[in-house]
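The structure under discussion appears below in the form of structure tokens.
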Amino acid sequence: MGAQAQQEYQRQRETPACLNQWSWGAFYWGWIWGVGNGVYWPLITLIPYVGQIAALIIAFILGANGNRYAWDKYTGTAAEFDEKQHNWAVAAGICFLIEIVIVIFVILAMAIGS
């Protein structure tokens, strides 16, 4: 597909509903979400020292703009894109809840042990 045809296709595509919403999947998963969505610059967080310093800032940038970054790389329909981003957000929510439960169990185990 030529560059002009690709641009025309981009203009004709509908806009996904989640485009200007917070991306919990991108915020939580960071570089993993980036690789899964063709957005590779979050891999900078894997660089020793630099990555740890930048990780929190990059998480907020991805949370605020992640859907737009991913949409620029996506070639499917808006409905498919919305579903994909929703799945990332659900996975992030489930993992976050699991982490909370683990933290509660660790705190309780430490309280009982002492």
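Letters for chains follow the order of the structure tokens (A, B, ...), residue numbers begin at 1 for each chain, and ligand numbers begin at 1 in the order shown.
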
### Task
From segment 13-109 of chain A, collect each residue whose DSSP state is helix (DSSP H, G or I) and return the set as JSON, numbers by chain.
{"A": [24, 25, 26, 27, 28, 29, 31, 32, 33, 34, 35, 36, 41, 42, 43, 44, 45, 46, 50, 51, 52, 53, 54, 55, 56, 57, 58, 59, 60, 61, 62, 63, 64, 65, 66, 67, 68, 69, 70, 71, 72, 73, 78, 79, 80, 81, 82, 83, 84, 85, 86, 87, 88, 89, 90, 91, 92, 93, 94, 95, 96, 97, 98, 99, 100, 101, 102, 103, 104, 105, 106, 107, 108, 109]}

### Shell around Phe27 of chain A at 12 Å using only C-alpha atoms, local window under 4 positions removed, as a ChimeraX atom specification
/A:21-23,31-34,42,55-67,85,88-89,91-93,96

### Task
Give the answer as one residue: which of A:Trp29, A:Lys73, A:Gln52, A:Ala111 has the shortest atom-to-atom distance to Ile94 of chain A, using only C-alpha atoms?
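Checking each of A:Trp29, A:Lys73, A:Gln52, A:Ala111 against Ile94 of chain A, counting only C-alpha atoms, the winner is A:Trp29.
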
### Task
Could you jot down the atom CA of Trp41 of chain A to atom CA of Ile100 of chain A separation for me, Å, one decimal place?
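Computed distance, atom CA of Trp41 of chain A to atom CA of Ile100 of chain A, equals 28.9 Å.
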